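As stored in model_34.pdb (PDB, C-alpha atoms):
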```
ATOM      1  CA  MET A   1     -12.454  28.128  -1.135
ATOM      2  CA  VAL A   2     -13.409  24.787   0.414
ATOM      3  CA  MET A   3     -17.129  24.041   0.607
ATOM      4  CA  SER A   4     -18.665  24.364   4.061
ATOM      5  CA  SER A   5     -19.566  20.665   3.845
ATOM      6  CA  THR A   6     -18.423  17.905   1.538
ATOM      7  CA  THR A   7     -20.591  15.341  -0.200
ATOM      8  CA  ALA A   8     -20.147  11.649  -0.836
ATOM      9  CA  LYS A   9     -19.077  12.492  -4.392
ATOM     10  CA  THR A  10     -16.229  14.678  -3.248
ATOM     11  CA  PHE A  11     -12.724  13.237  -3.414
ATOM     12  CA  LEU A  12      -9.112  14.296  -2.996
ATOM     13  CA  GLY A  13      -6.785  14.039  -5.977
ATOM     14  CA  CYS A  14      -3.050  14.007  -5.266
ATOM     15  CA  ASP A  15      -0.651  14.351  -8.190
ATOM     16  CA  TRP A  16       2.785  13.797  -6.613
ATOM     17  CA  GLY A  17       5.563  14.347  -9.115
ATOM     18  CA  THR A  18       9.342  14.422  -8.940
ATOM     19  CA  THR A  19       9.579  18.150  -8.246
ATOM     20  CA  SER A  20       6.090  19.194  -7.154
ATOM     21  CA  PHE A  21       3.150  18.168  -4.985
ATOM     22  CA  ARG A  22      -0.388  18.987  -6.092
ATOM     23  CA  LEU A  23      -3.450  18.295  -3.975
ATOM     24  CA  ARG A  24      -6.970  19.104  -5.101
ATOM     25  CA  LEU A  25     -10.394  18.817  -3.513
ATOM     26  CA  ILE A  26     -12.660  17.791  -6.371
ATOM     27  CA  GLU A  27     -16.418  17.646  -6.748
ATOM     28  CA  GLY A  28     -17.256  14.328  -8.392
ATOM     29  CA  GLY A  29     -19.398  14.382 -11.487
ATOM     30  CA  SER A  30     -18.770  18.020 -12.343
ATOM     31  CA  ARG A  31     -15.011  17.544 -11.744
ATOM     32  CA  ARG A  32     -14.949  21.070 -10.345
ATOM     33  CA  VAL A  33     -11.801  21.872  -8.362
ATOM     34  CA  LEU A  34     -13.057  23.270  -5.061
ATOM     35  CA  ALA A  35      -9.624  23.943  -3.557
ATOM     36  CA  GLU A  36      -6.019  23.338  -4.501
ATOM     37  CA  GLN A  37      -2.574  23.266  -2.911
ATOM     38  CA  VAL A  38       0.643  23.312  -4.954
ATOM     39  CA  GLU A  39       3.960  22.896  -3.147
ATOM     40  CA  PRO A  40       7.579  22.320  -4.314
ATOM     41  CA  ALA A  41       7.696  19.184  -2.145
ATOM     42  CA  GLY A  42       8.148  16.621  -4.894
ATOM     43  CA  ILE A  43       9.271  13.020  -4.448
ATOM     44  CA  ARG A  44      12.922  14.058  -4.621
ATOM     45  CA  HIS A  45      12.546  15.663  -1.175
ATOM     46  CA  PHE A  46      11.932  12.216   0.326
ATOM     47  CA  ALA A  47      13.943  10.006  -2.036
ATOM     48  CA  GLY A  48      17.065   9.809   0.153
ATOM     49  CA  LEU A  49      15.219   8.279   3.114
ATOM     50  CA  ALA A  50      15.028   4.569   3.904
ATOM     51  CA  PRO A  51      11.780   3.036   2.519
ATOM     52  CA  ALA A  52       9.942   2.720   5.861
ATOM     53  CA  GLU A  53      10.844   6.250   6.974
ATOM     54  CA  ARG A  54      10.036   7.620   3.536
ATOM     55  CA  ALA A  55       6.542   6.075   3.639
ATOM     56  CA  ASP A  56       5.918   7.468   7.125
ATOM     57  CA  ARG A  57       7.140  10.936   6.210
ATOM     58  CA  MET A  58       5.104  11.074   3.009
ATOM     59  CA  ALA A  59       1.979   9.861   4.805
ATOM     60  CA  ALA A  60       2.472  12.502   7.487
ATOM     61  CA  TYR A  61       3.007  15.206   4.877
ATOM     62  CA  LEU A  62      -0.140  14.276   2.956
ATOM     63  CA  ALA A  63      -2.207  14.079   6.153
ATOM     64  CA  GLU A  64      -0.906  17.492   7.227
ATOM     65  CA  ARG A  65      -1.766  19.072   3.872
ATOM     66  CA  ILE A  66      -5.283  17.579   3.872
ATOM     67  CA  GLY A  67      -5.645  18.778   7.459
ATOM     68  CA  GLN A  68      -5.398  22.374   6.189
ATOM     69  CA  TRP A  69      -8.959  21.864   4.928
ATOM     70  CA  THR A  70     -10.801  21.370   8.197
ATOM     71  CA  GLU A  71     -14.172  20.904   6.458
ATOM     72  CA  VAL A  72     -12.982  17.724   4.699
ATOM     73  CA  GLY A  73     -14.135  14.752   6.763
ATOM     74  CA  PRO A  74     -12.388  11.358   6.941
ATOM     75  CA  GLU A  75     -15.064   9.816   4.729
ATOM     76  CA  VAL A  76     -13.650  11.715   1.735
ATOM     77  CA  PRO A  77     -11.269   9.324  -0.100
ATOM     78  CA  PHE A  78      -8.090  10.208  -1.947
ATOM     79  CA  VAL A  79      -6.447   8.926  -5.115
ATOM     80  CA  MET A  80      -2.722   9.391  -5.679
ATOM     81  CA  THR A  81      -0.987   9.317  -9.062
ATOM     82  CA  GLY A  82       2.509  10.151 -10.248
ATOM     83  CA  MET A  83       5.866   9.200  -8.768
ATOM     84  CA  ALA A  84       4.503   8.171  -5.364
ATOM     85  CA  SER A  85       4.381   4.558  -6.617
ATOM     86  CA  SER A  86       8.013   4.560  -7.822
ATOM     87  CA  THR A  87      11.143   3.041  -6.262
ATOM     88  CA  VAL A  88      11.775   6.376  -4.510
ATOM     89  CA  GLY A  89       8.144   7.024  -3.571
ATOM     90  CA  TRP A  90       5.670   6.027  -0.869
ATOM     91  CA  ARG A  91       5.361   2.406  -1.962
ATOM     92  CA  GLU A  92       6.702   0.817  -5.109
ATOM     93  CA  LEU A  93       4.069  -0.763  -7.338
ATOM     94  CA  PRO A  94       4.777  -2.750 -10.512
ATOM     95  CA  TYR A  95       4.043  -1.118 -13.829
ATOM     96  CA  ALA A  96       0.964  -2.105 -15.752
ATOM     97  CA  GLU A  97       1.837  -3.167 -19.290
ATOM     98  CA  VAL A  98       0.615  -2.093 -22.712
ATOM     99  CA  PRO A  99      -1.910  -2.486 -24.144
ATOM    100  CA  PHE A 100      -3.239  -0.441 -21.225
ATOM    101  CA  GLN A 101      -7.018  -0.042 -20.999
ATOM    102  CA  LEU A 102      -7.932   3.629 -20.855
ATOM    103  CA  ASP A 103     -10.910   2.926 -18.622
ATOM    104  CA  GLY A 104      -8.284   2.178 -15.933
ATOM    105  CA  GLY A 105      -9.404  -1.430 -15.607
ATOM    106  CA  ASN A 106      -5.939  -2.995 -15.709
ATOM    107  CA  ALA A 107      -4.155  -0.294 -13.720
ATOM    108  CA  GLU A 108      -1.950  -1.493 -10.868
ATOM    109  CA  VAL A 109      -3.397  -0.007  -7.662
ATOM    110  CA  ALA A 110      -2.989  -0.445  -3.892
ATOM    111  CA  LEU A 111      -5.077   0.566  -0.894
ATOM    112  CA  LEU A 112      -3.608   3.181   1.454
ATOM    113  CA  ALA A 113      -4.909   4.661   4.702
ATOM    114  CA  LEU A 114      -4.168   7.900   6.535
ATOM    115  CA  SER A 115      -4.737   8.826  10.148
ATOM    116  CA  THR A 116      -7.022  11.800  10.771
ATOM    117  CA  ARG A 117      -7.379  14.162  13.708
ATOM    118  CA  GLY A 118     -10.534  12.401  14.824
ATOM    119  CA  GLY A 119      -8.794   9.036  14.971
ATOM    120  CA  ARG A 120     -10.625   7.609  11.964
ATOM    121  CA  ARG A 121      -8.765   6.284   8.932
ATOM    122  CA  ARG A 122      -9.058   7.977   5.540
ATOM    123  CA  GLN A 123      -8.883   5.481   2.678
ATOM    124  CA  GLY A 124      -7.224   6.074  -0.647
ATOM    125  CA  LEU A 125      -5.760   4.514  -3.751
ATOM    126  CA  LEU A 126      -2.163   4.560  -4.938
ATOM    127  CA  VAL A 127      -1.917   4.138  -8.720
ATOM    128  CA  SER A 128       1.120   2.801 -10.562
ATOM    129  CA  GLY A 129       2.480   3.640 -14.011
ATOM    130  CA  VAL A 130       2.670   1.857 -17.358
ATOM    131  CA  ARG A 131       5.554   0.259 -19.258
ATOM    132  CA  THR A 132       6.404  -1.017 -22.699
ATOM    133  CA  ALA A 133       9.387  -3.253 -23.458
ATOM    134  CA  ASP A 134      11.712  -0.247 -23.370
ATOM    135  CA  ASP A 135       9.909   2.776 -21.902
ATOM    136  CA  ILE A 136       8.082   3.799 -18.727
ATOM    137  CA  MET A 137       5.651   6.424 -17.450
ATOM    138  CA  ARG A 138       4.177   7.293 -14.070
ATOM    139  CA  GLY A 139       1.404   9.853 -13.903
ATOM    140  CA  GLU A 140       0.849  10.431 -17.595
ATOM    141  CA  GLU A 141      -1.311   7.312 -17.811
ATOM    142  CA  CYS A 142      -3.780   9.070 -15.477
ATOM    143  CA  ALA A 143      -4.030  11.963 -17.933
ATOM    144  CA  LEU A 144      -4.692   9.507 -20.770
ATOM    145  CA  VAL A 145      -7.431   7.803 -18.726
ATOM    146  CA  GLY A 146      -8.828  11.305 -18.267
ATOM    147  CA  VAL A 147      -8.743  11.987 -21.996
ATOM    148  CA  GLN A 148     -10.944   8.928 -22.560
ATOM    149  CA  ALA A 149     -13.319  10.013 -19.778
ATOM    150  CA  LEU A 150     -13.572  13.445 -21.398
ATOM    151  CA  ASP A 151     -14.005  12.263 -24.990
ATOM    152  CA  GLU A 152     -14.427   8.541 -25.692
ATOM    153  CA  ARG A 153     -14.738   9.242 -29.413
ATOM    154  CA  LEU A 154     -11.121  10.379 -29.471
ATOM    155  CA  THR A 155      -9.578   7.295 -27.864
ATOM    156  CA  ASN A 156     -12.076   4.607 -28.882
ATOM    157  CA  ALA A 157     -11.622   5.208 -32.603
ATOM    158  CA  SER A 158     -10.175   2.372 -34.656
ATOM    159  CA  THR A 159      -7.808   4.905 -36.245
ATOM    160  CA  PRO A 160      -4.773   5.633 -34.014
ATOM    161  CA  VAL A 161      -4.534   9.023 -32.308
ATOM    162  CA  LEU A 162      -1.184  10.433 -31.180
ATOM    163  CA  CYS A 163      -1.377  12.131 -27.778
ATOM    164  CA  LEU A 164       1.478  14.534 -27.043
ATOM    165  CA  LEU A 165       1.829  15.062 -23.292
ATOM    166  CA  ALA A 166       3.886  18.198 -22.768
ATOM    167  CA  GLY A 167       6.011  18.283 -19.619
ATOM    168  CA  THR A 168       9.519  17.914 -18.247
ATOM    169  CA  HIS A 169       9.695  14.434 -19.788
ATOM    170  CA  PRO A 170       7.168  14.633 -22.661
ATOM    171  CA  LYS A 171       5.429  11.485 -23.881
ATOM    172  CA  HIS A 172       4.195  10.757 -27.392
ATOM    173  CA  ALA A 173       1.501   8.152 -26.802
ATOM    174  CA  GLN A 174      -0.429   6.250 -29.448
ATOM    175  CA  VAL A 175      -3.979   5.338 -28.430
ATOM    176  CA  CYS A 176      -6.458   3.219 -30.361
ATOM    177  CA  ASP A 177      -9.599   1.184 -29.610
ATOM    178  CA  GLY A 178      -9.715   2.444 -26.013
ATOM    179  CA  CYS A 179      -6.146   1.386 -25.204
ATOM    180  CA  LEU A 180      -2.709   2.945 -24.846
ATOM    181  CA  ALA A 181      -0.789   0.918 -27.436
ATOM    182  CA  SER A 182       2.709   2.442 -27.284
ATOM    183  CA  PHE A 183       4.598   5.562 -26.260
ATOM    184  CA  ARG A 184       7.981   7.257 -26.428
ATOM    185  CA  THR A 185       9.545   9.529 -23.782
ATOM    186  CA  TYR A 186      11.684  12.609 -24.515
ATOM    187  CA  LEU A 187      13.959  14.640 -22.236
ATOM    188  CA  THR A 188      12.996  18.017 -23.709
ATOM    189  CA  GLY A 189      12.190  19.833 -20.460
ATOM    190  CA  GLU A 190      15.104  18.422 -18.503
ATOM    191  CA  LEU A 191      17.556  19.187 -21.330
ATOM    192  CA  PHE A 192      16.256  22.763 -21.384
ATOM    193  CA  GLU A 193      16.889  23.025 -17.642
ATOM    194  CA  ILE A 194      20.395  21.562 -17.789
ATOM    195  CA  LEU A 195      21.543  23.412 -20.907
ATOM    196  CA  SER A 196      20.266  26.785 -19.725
ATOM    197  CA  LYS A 197      21.774  26.380 -16.269
ATOM    198  CA  ASP A 198      24.898  24.213 -16.322
ATOM    199  CA  SER A 199      26.263  24.036 -19.878
ATOM    200  CA  ILE A 200      28.449  26.313 -21.989
ATOM    201  CA  LEU A 201      25.202  27.769 -23.331
ATOM    202  CA  ALA A 202      24.203  29.154 -19.924
ATOM    203  CA  ALA A 203      26.082  32.440 -20.497
ATOM    204  CA  SER A 204      24.190  32.967 -23.758
ATOM    205  CA  VAL A 205      20.653  32.626 -22.426
ATOM    206  CA  SER A 206      18.562  34.265 -19.722
ATOM    207  CA  ARG A 207      16.622  31.884 -17.476
ATOM    208  CA  LEU A 208      12.826  32.155 -17.691
ATOM    209  CA  GLU A 209      11.042  33.369 -14.569
ATOM    210  CA  GLY A 210       7.268  33.258 -14.293
ATOM    211  CA  ASP A 211       4.798  33.533 -17.171
ATOM    212  CA  ILE A 212       6.556  35.326 -20.028
ATOM    213  CA  GLU A 213       5.146  35.778 -23.509
ATOM    214  CA  PRO A 214       7.369  33.857 -25.944
ATOM    215  CA  ILE A 215       9.409  35.758 -28.512
ATOM    216  CA  TRP A 216       7.927  33.846 -31.394
ATOM    217  CA  ASP A 217      10.345  34.829 -34.154
ATOM    218  CA  GLU A 218      13.239  33.483 -32.057
ATOM    219  CA  PHE A 219      11.327  30.317 -31.206
ATOM    220  CA  HIS A 220      10.465  29.752 -34.874
ATOM    221  CA  ALA A 221      14.114  30.318 -35.833
ATOM    222  CA  GLY A 222      15.148  27.644 -33.332
ATOM    223  CA  VAL A 223      12.645  25.142 -34.740
ATOM    224  CA  LEU A 224      13.961  25.755 -38.271
ATOM    225  CA  CYS A 225      17.572  25.498 -37.105
ATOM    226  CA  ALA A 226      16.957  22.099 -35.514
ATOM    227  CA  LYS A 227      15.143  20.946 -38.649
ATOM    228  CA  THR A 228      18.037  22.051 -40.877
ATOM    229  CA  LEU A 229      21.118  21.176 -38.821
ATOM    230  CA  GLY A 230      19.986  18.514 -36.359
ATOM    231  CA  LEU A 231      20.052  18.828 -32.581
ATOM    232  CA  SER A 232      23.759  18.927 -31.719
ATOM    233  CA  ALA A 233      24.849  21.455 -34.352
ATOM    234  CA  ALA A 234      21.770  23.615 -33.755
ATOM    235  CA  LEU A 235      22.503  23.821 -30.042
ATOM    236  CA  PHE A 236      25.933  25.350 -30.622
ATOM    237  CA  HIS A 237      24.263  28.089 -32.621
ATOM    238  CA  VAL A 238      22.825  29.359 -29.341
ATOM    239  CA  ARG A 239      26.358  30.347 -28.400
ATOM    240  CA  THR A 240      27.483  31.622 -31.822
ATOM    241  CA  ARG A 241      24.401  33.831 -32.140
ATOM    242  CA  HIS A 242      25.268  35.439 -28.811
ATOM    243  CA  VAL A 243      28.996  35.836 -29.529
ATOM    244  CA  LEU A 244      28.953  36.759 -33.211
ATOM    245  CA  GLN A 245      25.549  38.413 -33.642
ATOM    246  CA  SER A 246      25.071  39.929 -30.174
ATOM    247  CA  ILE A 247      21.674  38.252 -29.779
ATOM    248  CA  SER A 248      20.567  39.031 -26.235
ATOM    249  CA  PRO A 249      20.200  36.212 -23.677
ATOM    250  CA  GLU A 250      16.531  37.204 -23.255
ATOM    251  CA  ARG A 251      15.899  36.482 -26.931
ATOM    252  CA  ASN A 252      18.266  33.541 -27.192
ATOM    253  CA  ILE A 253      16.424  31.520 -24.547
ATOM    254  CA  TRP A 254      13.488  31.224 -26.955
ATOM    255  CA  PHE A 255      15.828  30.141 -29.745
ATOM    256  CA  LEU A 256      17.043  27.348 -27.442
ATOM    257  CA  SER A 257      13.440  26.415 -26.630
ATOM    258  CA  GLY A 258      12.620  26.241 -30.333
ATOM    259  CA  ILE A 259      15.557  23.926 -31.012
ATOM    260  CA  LEU A 260      14.550  21.454 -28.309
ATOM    261  CA  VAL A 261      10.817  21.449 -29.044
ATOM    262  CA  GLY A 262      11.505  21.333 -32.783
ATOM    263  CA  ASP A 263      13.807  18.347 -32.410
ATOM    264  CA  GLU A 264      11.276  16.523 -30.218
ATOM    265  CA  LEU A 265       8.511  17.000 -32.780
ATOM    266  CA  SER A 266      10.654  16.400 -35.870
ATOM    267  CA  GLY A 267       9.222  12.935 -36.432
ATOM    268  CA  ILE A 268       5.573  14.067 -36.439
ATOM    269  CA  ALA A 269       5.513  15.225 -40.062
ATOM    270  CA  ARG A 270       7.723  12.341 -41.129
ATOM    271  CA  ASN A 271       6.008   9.432 -39.368
ATOM    272  CA  HIS A 272       2.510  10.668 -38.441
ATOM    273  CA  ARG A 273       1.532  12.817 -41.403
ATOM    274  CA  GLY A 274      -2.195  12.078 -41.311
ATOM    275  CA  THR A 275      -2.539  10.939 -37.690
ATOM    276  CA  PRO A 276      -4.951  12.997 -35.540
ATOM    277  CA  LEU A 277      -3.159  14.711 -32.655
ATOM    278  CA  CYS A 278      -4.203  15.491 -29.102
ATOM    279  CA  LEU A 279      -2.021  18.037 -27.276
ATOM    280  CA  ILE A 280      -2.209  17.592 -23.505
ATOM    281  CA  GLY A 281      -0.532  20.099 -21.208
ATOM    282  CA  GLU A 282      -0.710  23.476 -19.603
ATOM    283  CA  PRO A 283      -1.571  26.222 -22.121
ATOM    284  CA  SER A 284       1.910  27.777 -22.165
ATOM    285  CA  ARG A 285       3.558  24.467 -23.122
ATOM    286  CA  VAL A 286       0.850  23.467 -25.586
ATOM    287  CA  SER A 287       1.263  26.795 -27.392
ATOM    288  CA  LEU A 288       4.933  25.925 -28.077
ATOM    289  CA  TYR A 289       3.912  22.594 -29.603
ATOM    290  CA  ARG A 290       1.260  24.274 -31.712
ATOM    291  CA  GLU A 291       3.698  26.862 -33.084
ATOM    292  CA  ALA A 292       6.409  24.288 -33.797
ATOM    293  CA  LEU A 293       3.937  22.091 -35.694
ATOM    294  CA  LYS A 294       3.020  25.025 -37.935
ATOM    295  CA  ILE A 295       6.596  24.922 -39.213
ATOM    296  CA  LEU A 296       7.243  21.185 -39.120
ATOM    297  CA  ALA A 297       3.841  20.028 -40.387
ATOM    298  CA  PRO A 298       2.281  23.019 -42.188
ATOM    299  CA  ALA A 299      -0.165  20.821 -44.123
ATOM    300  CA  ARG A 300      -1.823  19.544 -40.937
ATOM    301  CA  ARG A 301      -5.368  20.853 -40.515
ATOM    302  CA  ASP A 302      -6.510  22.417 -37.254
ATOM    303  CA  GLU A 303      -9.499  20.068 -37.018
ATOM    304  CA  ASN A 304      -7.063  17.160 -36.659
ATOM    305  CA  VAL A 305      -5.517  18.702 -33.523
ATOM    306  CA  ARG A 306      -7.337  18.591 -30.168
ATOM    307  CA  GLU A 307      -6.041  20.468 -27.096
ATOM    308  CA  ILE A 308      -6.784  19.448 -23.493
ATOM    309  CA  SER A 309      -5.492  21.061 -20.296
ATOM    310  CA  LEU A 310      -3.246  18.735 -18.281
ATOM    311  CA  THR A 311      -5.073  19.604 -15.051
ATOM    312  CA  THR A 312      -8.438  18.843 -16.653
ATOM    313  CA  ALA A 313      -7.156  15.486 -17.917
ATOM    314  CA  ILE A 314      -5.605  14.486 -14.583
ATOM    315  CA  VAL A 315      -8.734  15.374 -12.581
ATOM    316  CA  ALA A 316     -10.914  13.369 -14.969
ATOM    317  CA  GLY A 317      -8.463  10.472 -14.869
ATOM    318  CA  GLN A 318      -8.285  10.400 -11.087
ATOM    319  CA  GLU A 319     -12.069  10.376 -10.840
ATOM    320  CA  GLN A 320     -12.297   7.487 -13.320
ATOM    321  CA  LEU A 321      -9.589   5.461 -11.532
ATOM    322  CA  LEU A 322     -11.319   5.981  -8.189
ATOM    323  CA  ARG A 323     -14.658   4.840  -9.624
ATOM    324  CA  ARG A 324     -13.110   1.866 -11.450
ATOM    325  CA  HIS A 325     -11.435   0.535  -8.304
ATOM    326  CA  THR A 326     -13.982   1.626  -5.697
ATOM    327  CA  THR A 327     -14.394  -1.966  -4.470
ATOM    328  CA  LEU A 328     -10.977  -1.687  -2.838
ATOM    329  CA  LEU A 329     -12.278   1.185  -0.730
ATOM    330  CA  ASN A 330     -15.656  -0.452  -0.082
ATOM    331  CA  PRO A 331     -15.111  -4.242  -0.167
TER
END
```
Rewrite the structure from the file as structure tokens, please.
Amino acid sequence: MVMSSTTAKTFLGCDWGTTSFRLRLIEGGSRRVLAEQVEPAGIRHFAGLAPAERADRMAAYLAERIGQWTEVGPEVPFVMTGMASSTVGWRELPYAEVPFQLDGGNAEVALLALSTRGGRRRQGLLVSGVRTADDIMRGEECALVGVQALDERLTNASTPVLCLLAGTHPKHAQVCDGCLASFRTYLTGELFEILSKDSILAASVSRLEGDIEPIWDEFHAGVLCAKTLGLSAALFHVRTRHVLQSISPERNIWFLSGILVGDELSGIARNHRGTPLCLIGEPSRVSLYREALKILAPARRDENVREISLTTAIVAGQEQLLRRHTTLLNP
């Protein structure tokens, strides 16, 4: 429910990804989400348009969605993170480079404005991503800024911390001394989508719909299979289990999930044995990481693993970015 009136602290946080659009009305300070809209209108819905038309259409869409909350006046600013600053987004912005300050100070940002029903202009910030010499991210850097805002002790330590951002394209990000130092991207979620839908394995698995409790023994078996055989050979076992052992597609989908998550995390025990971990993601995805790590890194102690909700991190990051670059909105 939207508040009957908004305060100067209130802001709008837009997380515009490839496949989804998320808009939140957020109370500053408390970071309480007062209202939220989630739509399947990701950047890919606008990507085929010419740049000028794409910008106009995205601006109109955002203005229309904000307009659903009639109590939100034009003085309430917005901050936009994710793929909106990409080559197929609202306006392309250059990537910031590592080392990236987790207070958001060296983020690449631009001022945007939206028309409102009353004729006034609503101001907002568009935030770009971060790059290394051979990898890129857009949106995840906001979550990492949020992690610092939530717990400076975690990211300001002189000892590196490995942040695992669970998602369609997971990131393993190393943070130290208040900076994002390096990261690596994986295709775990997208591979799961493609393999379960369009590959030879599709007939051997049942697609997941909604929130379903994992079949943990199958997931664990997949993690062990990837650890023993490697990714490619383990994947074919999805089919042989179905054909030779009559493993049901409903069970086999969790075996496939275990293979992919297990392969993604295979380097944790090998290369980051004593490194503190921070798992960032929605609870259902984080639980898969946690279970896989029990098998791949059984010696790791629970006190060396911190878990943070992706939504919580993004909201905190958007608030920090808005505060850090407020002079753009109020020159």
Measuring atom to atom with only C-alpha atoms, identify which of A:Glu250, A:Glu27, A:Asp217, A:Asp177 is nearest to Val205 in chain A.
A:Glu250
Just say which residues the PyMOL selection byres ((chain A and resi 18) around 9) picks in this file, as a ChimeraX atom specification.
/A:16-17,19-21,41-45,82-84
What gap, in Å, lies between CA of Thr10 in chain A and CA of Ala35 in chain A?
11.4 Å
Among A:Gln101, A:Ser248, A:Thr312, A:Thr326, Ile26 in chain A is approached most closely, using only C-alpha atoms, by A:Thr312
Please write the residues picked by the PyMOL selection byres ((chain A and resi 191) around 12) on this file as number ranges by chain.
A: 167-170, 186-190, 192-199, 201, 231, 235, 256-257, 259-261, 263-264
Run the PyMOL selection byres ((chain A and resi 36) around 12) mentally over the shown coordinates, then write out the matched residues as a ChimeraX atom specification, using the chain letters and numbers from the document.
/A:1-2,12-15,21-26,32-35,37-39,65-66,68-69,311,315
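Using all atoms listed in the file, the shortest contact distance between Lys294 in chain A and any of A:Ile268, A:Ala226, A:Ala181, A:Val76 is found at A:Ile268.
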Quick check, in Å to one decimal: how far apart do CA of Arg120 in chain A and CA of Gly73 in chain A lie?
9.5 Å
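In terms of minimum interatomic distance to Glu75 in chain A, A:Leu329 ranks closest within A:Ala203, A:Leu329, A:Val127, A:Ala63, counting all atoms listed in the file.
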Non-local contacts of range 280-285 of chain A (8 Å; only C-alpha atoms; under 4 positions in same chain excluded) as a PyMOL selection string
chain A and resi 163-167+289+307-311+313
How far is it from CA of Leu93 in chain A to CA of Ala110 in chain A, in Å with one decimal?
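So the two atoms, CA of Leu93 in chain A and CA of Ala110 in chain A, lie 7.9 Å apart.
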Nearest to Arg290 in chain A, chosen from A:Leu112, A:Ala96, A:Leu265, A:Ile314, with all atoms listed in the file counted in the distances
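Once distances to Arg290 in chain A are computed over all atoms listed in the file, the minimum belongs to A:Leu265.
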